[in-house]
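Q: My structure is below; once you've seen it, I'll send some questions.
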2 protein chains.
Amino acid sequence: MAKDLDPDSMHCNCPVTTTLEILGGRWKPIILYCLQDGPVRFNALKRMIPGITQRMLTLSLRELETDGLILRHVREVVPPHVDYAMSPLGDSLRPVLHAMNEWGAYYRTQTTPQKARSDAA
Amino acid sequence: MAKDLDPDSMHCNCPVTTTLEILGGRWKPIILYCLQDGPVRFNALKRMIPGITQRMLTLSLRELETDGLILRHVREVVPPHVDYAMSPLGDSLRPVLHAMNEWGAYYRTQTTPQKARSDAA
DNA sequence: CTGAATCCTGACCGATACTG
DNA sequence: CAGTATCGGTCAGGATTCAG
C-alpha cells in the first residue's frame, strides 16, 4: 500500500484536523507555550519541560520548524548556541493555545472532584 | 488515551495538554464538529465521516461520553435507535473548536502548497 | 441498526549511548 | 551545548468478523 495518506484529501477537509495534526503529539503544545515569552535555548527548553528527552525535544522542534511555527537561530560559536522563537505563523496560534488552555482549566473544574474517570484501572 | 496522570510523575500540569488528551486522536474533533448542529444517529455519523470504521466511531463516542462531552440516548425499539448529542460541557468546547477551525484554515493559506512532511518518510 | 471481539501494523515515544 | 543513532516498548487505530 503506497502512501495515499494525504490528510487533506483522505478524510474530510476539516481544518480542525489540520490544527490537530500540527500540534498533535505530547510535547508540541508545551513547547509552543514555553516559547510564547521570547526565544529560548535548547537546554533551557529542556529544563522548562520536565520529563522530555533530548530526542523528543529535537524531533518536536524539527517538526514545528518544518511546519513554520517556530524559527531556529544558530550562532556558530565555540559552545554552540541555538535558540528557538515563535514565527509570525506560530504567533498566530496563540489565541488557539489560549482558548485550549482556558477550556482545559475549565474542564477540570467541571469534572467530579473524585479524580477523573480513566484512572479506575 | 489518558492513562494515569500522576501529578508526581512527569509531565507538567498544563491544561492545554488536558484539552489535547480529550480531543486527541484522529476522529474526536470531527465527531464533535458533526454534532454541533444537533443530535445525530450512529449510522448518520458514520456516513458523515468518510473513512471512519465502526470500531473507531464506537470507541471515540464512548470516550467522548466518558469525558462528559456528549450524551448518548438509547431508544429501545425493534430496530435499535441511538443518537448522540453535545452535552453542556461539550458545548463549552465550541469556541475552542471554532478557534482551531479558523487557525487551520488560516494555516493552509499561509503555507506553501508543497507541504510534504506527512509522507516525506 | 448498533456495537462487541479479535488480530495486526505502524506511529509515537522513551532510555541510553555517542558526537562535533 | 546541541544534537544524532539505535533499540525497543506501548498503544492508537484499521480490517474483519460475530452478535443482540
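Simple scheme: letters A, B, ... for chains in C-alpha cells order, numbers from 1 for residues in each chain, numbers from 1 for ligands in the order shown.
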How far apart are chain B and chain A by Cα RMSD after a least-squares superposition over every Cα, paired in order?
A: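 Least-squares fit of chain A onto chain B, C-alpha RMSD 2.7 Å.
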Q: Give the residues of chain C that lie within 10 Å of chain A; count only C-alpha atoms (C1' of nucleotides), and format the answer as a count of residues only.
A: 5
Q: Can you pull out the residues contacting DA19 (chain D)? Cut-off 12 Å, using only C-alpha atoms (C1' of nucleotides), and skip same-chain residues under 2 positions away; I want them as a list in words.
A: DT2, DG3, DA4 and DA5 of chain C; DT17 of chain D
Q: Generate the output file for the selected residues, N, CA, C and O atoms (P, O5', C5', C4', C3', O3' and C1' of nucleotides), as a tab-separated table (two decimals), in the first residue's frame.
A:
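Okay, this is what ended up in again-v1.tsv:
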```
chain	number	residue	atom	x	y	z
C	2	DT	P	-28.11	3.24	14.15
C	2	DT	O5'	-27.38	2.33	15.23
C	2	DT	C5'	-28.08	1.97	16.42
C	2	DT	C4'	-27.22	1.04	17.25
C	2	DT	C3'	-25.83	1.58	17.60
C	2	DT	O3'	-25.67	1.48	19.00
C	2	DT	C1'	-25.68	-0.63	16.77
C	3	DG	P	-24.33	2.14	19.71
C	3	DG	O5'	-23.39	0.86	19.79
C	3	DG	C5'	-23.89	-0.25	20.51
C	3	DG	C4'	-22.98	-1.42	20.28
C	3	DG	C3'	-21.48	-1.09	20.48
C	3	DG	O3'	-20.93	-2.05	21.34
C	3	DG	C1'	-21.80	-2.36	18.59
C	4	DA	P	-19.99	-1.72	22.52
C	4	DA	O5'	-19.52	-3.19	22.94
C	4	DA	C5'	-20.48	-4.24	23.02
C	4	DA	C4'	-19.82	-5.55	22.61
C	4	DA	C3'	-18.35	-5.67	23.05
C	4	DA	O3'	-18.15	-6.97	23.60
C	4	DA	C1'	-18.53	-6.02	20.71
C	5	DA	P	-16.74	-7.31	24.31
C	5	DA	O5'	-15.99	-8.28	23.30
C	5	DA	C5'	-16.74	-9.09	22.39
C	5	DA	C4'	-15.79	-10.00	21.63
C	5	DA	C3'	-14.36	-10.02	22.20
C	5	DA	O3'	-13.85	-11.34	22.08
C	5	DA	C1'	-14.34	-9.14	19.98
D	17	DT	P	-13.89	-11.36	7.05
D	17	DT	O5'	-14.52	-11.80	8.45
D	17	DT	C5'	-13.67	-12.29	9.49
D	17	DT	C4'	-14.43	-12.38	10.80
D	17	DT	C3'	-15.84	-12.97	10.67
D	17	DT	O3'	-16.01	-14.03	11.61
D	17	DT	C1'	-15.87	-10.97	11.93
```
Q: Chain A: which residues are helix (DSSP H, G or I) by DSSP, as a PyMOL selection string?
A: chain A and resi 15-22+28-35+42-48+54-66+88-91+94-110+118-120
Q: Counting only C-alpha atoms (C1' of nucleotides), which of B:Asp83, B:Pro39, B:Val78, B:Tyr106 gets nearest to chain D?
A: B:Val78
Q: Can you write out as a Markdown table which residues of chain D fall within 8 Å of chain A, alongside each residue's closest atom pair and its distance in Å to one decimal, counting only C-alpha atoms (C1' of nucleotides) and ordering rows by chain and ascending residue number?
A:
```
| residue | atom | partner | partner_atom | distance |
| --- | --- | --- | --- | --- |
| D:DC1 | C1' | A:Pro80 | CA | 5.2 |
| D:DA2 | C1' | A:Pro80 | CA | 6.6 |
| D:DG3 | C1' | A:Thr58 | CA | 7.6 |
```
Q: Can those selected residues be exported to a file as a CSV table (one decimal), in the first residue's frame so that it contains N, CA and C atoms (P, O5', C5', C4', C3', O3' and C1' of nucleotides)?
A:
```csv
chain,number,residue,atom,x,y,z
D,1,DC,P,25.5,23.4,29.1
D,1,DC,O5',25.8,23.6,27.5
D,1,DC,C5',25.9,24.9,27.0
D,1,DC,C4',25.6,24.8,25.5
D,1,DC,C3',24.2,24.4,25.2
D,1,DC,O3',23.7,25.2,24.2
D,1,DC,C1',25.8,22.9,24.2
D,2,DA,P,22.2,25.1,23.7
D,2,DA,O5',22.2,24.0,22.6
D,2,DA,C5',22.9,24.3,21.4
D,2,DA,C4',22.9,23.1,20.5
D,2,DA,C3',21.6,22.4,20.2
D,2,DA,O3',21.4,22.2,18.8
D,2,DA,C1',23.1,20.8,21.0
D,3,DG,P,19.9,21.9,18.3
D,3,DG,O5',19.5,20.5,18.9
D,3,DG,C5',19.4,19.4,18.0
D,3,DG,C4',20.8,18.8,17.8
D,3,DG,C3',20.6,17.4,17.1
D,3,DG,O3',20.7,17.5,15.7
D,3,DG,C1',22.3,17.4,18.9
```
Q: Residues at most 9 Å from Tyr84 (chain B), counting only C-alpha atoms (C1' of nucleotides), excluding those fewer than 6 positions away in the same chain, as a JSON list (two decimals) with N, CA and C atoms, in the first residue's frame?
A:
```
[["chain", "number", "residue", "atom", "x", "y", "z"],
["B", 35, "LEU", "N", -21.63, 17.00, 15.54],
["B", 35, "LEU", "CA", -22.73, 17.05, 16.50],
["B", 35, "LEU", "C", -23.16, 18.46, 16.84],
["B", 38, "GLY", "N", -26.87, 19.49, 16.29],
["B", 38, "GLY", "CA", -27.97, 18.73, 16.88],
["B", 38, "GLY", "C", -27.65, 17.24, 16.94],
["B", 39, "PRO", "N", -28.54, 16.48, 17.58],
["B", 39, "PRO", "CA", -28.31, 15.05, 17.77],
["B", 39, "PRO", "C", -28.19, 14.32, 16.43],
["B", 40, "VAL", "N", -27.31, 13.35, 16.40],
["B", 40, "VAL", "CA", -27.12, 12.56, 15.19],
["B", 40, "VAL", "C", -27.05, 11.09, 15.56],
["B", 41, "ARG", "N", -27.59, 10.26, 14.71],
["B", 41, "ARG", "CA", -27.58, 8.83, 14.97],
["B", 41, "ARG", "C", -26.25, 8.20, 14.56],
["B", 42, "PHE", "N", -26.05, 7.01, 15.06],
["B", 42, "PHE", "CA", -24.79, 6.31, 14.81],
["B", 42, "PHE", "C", -24.47, 6.19, 13.33],
["B", 61, "LEU", "N", -16.79, 7.60, 20.39],
["B", 61, "LEU", "CA", -18.04, 8.00, 21.02],
["B", 61, "LEU", "C", -18.03, 7.65, 22.51],
["B", 70, "ILE", "N", -20.35, 14.41, 25.38],
["B", 70, "ILE", "CA", -21.55, 14.13, 24.61],
["B", 70, "ILE", "C", -22.51, 13.28, 25.44],
["B", 71, "LEU", "N", -23.75, 13.24, 24.99],
["B", 71, "LEU", "CA", -24.77, 12.45, 25.66],
["B", 71, "LEU", "C", -25.26, 11.37, 24.71],
["B", 72, "ARG", "N", -25.48, 10.21, 25.27],
["B", 72, "ARG", "CA", -25.92, 9.08, 24.46],
["B", 72, "ARG", "C", -27.35, 8.74, 24.83],
["B", 73, "HIS", "N", -28.20, 8.73, 23.85],
["B", 73, "HIS", "CA", -29.60, 8.47, 24.11],
["B", 73, "HIS", "C", -30.05, 7.22, 23.37],
["B", 74, "VAL", "N", -30.42, 6.19, 24.13],
["B", 74, "VAL", "CA", -30.84, 4.94, 23.53],
["B", 74, "VAL", "C", -32.35, 4.81, 23.58]]
```
Q: Let's see if you can do this: from backbone DSSP, list all strand (DSSP E) residues in chain B, as a PyMOL selection string.
A: chain B and resi 40-41+70-75+81-86
Q: Can I get the selected residues back with C-alpha atoms, as a tab-separated table (two decimals), in the first residue's frame?
A:
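Final output, part28.tsv:
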```tsv
chain	number	residue	atom	x	y	z
B	40	VAL	CA	-27.12	12.56	15.19
B	41	ARG	CA	-27.58	8.83	14.97
B	70	ILE	CA	-21.55	14.13	24.61
B	71	LEU	CA	-24.77	12.45	25.66
B	72	ARG	CA	-25.92	9.08	24.46
B	73	HIS	CA	-29.60	8.47	24.11
B	74	VAL	CA	-30.84	4.94	23.53
B	75	ARG	CA	-34.36	4.26	22.40
B	81	HIS	CA	-32.13	3.67	17.69
B	82	VAL	CA	-29.27	5.52	19.35
B	83	ASP	CA	-28.43	9.13	18.96
B	84	TYR	CA	-25.65	11.30	20.26
B	85	ALA	CA	-25.77	14.93	21.24
B	86	MET	CA	-23.48	17.56	22.68
```
Q: Looking at only C-alpha atoms, which of A:Ile22, A:Ala99, A:Met48, A:Ile31 is the one that sits closest to chain B?
A: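 Closest candidate: A:Ala99.
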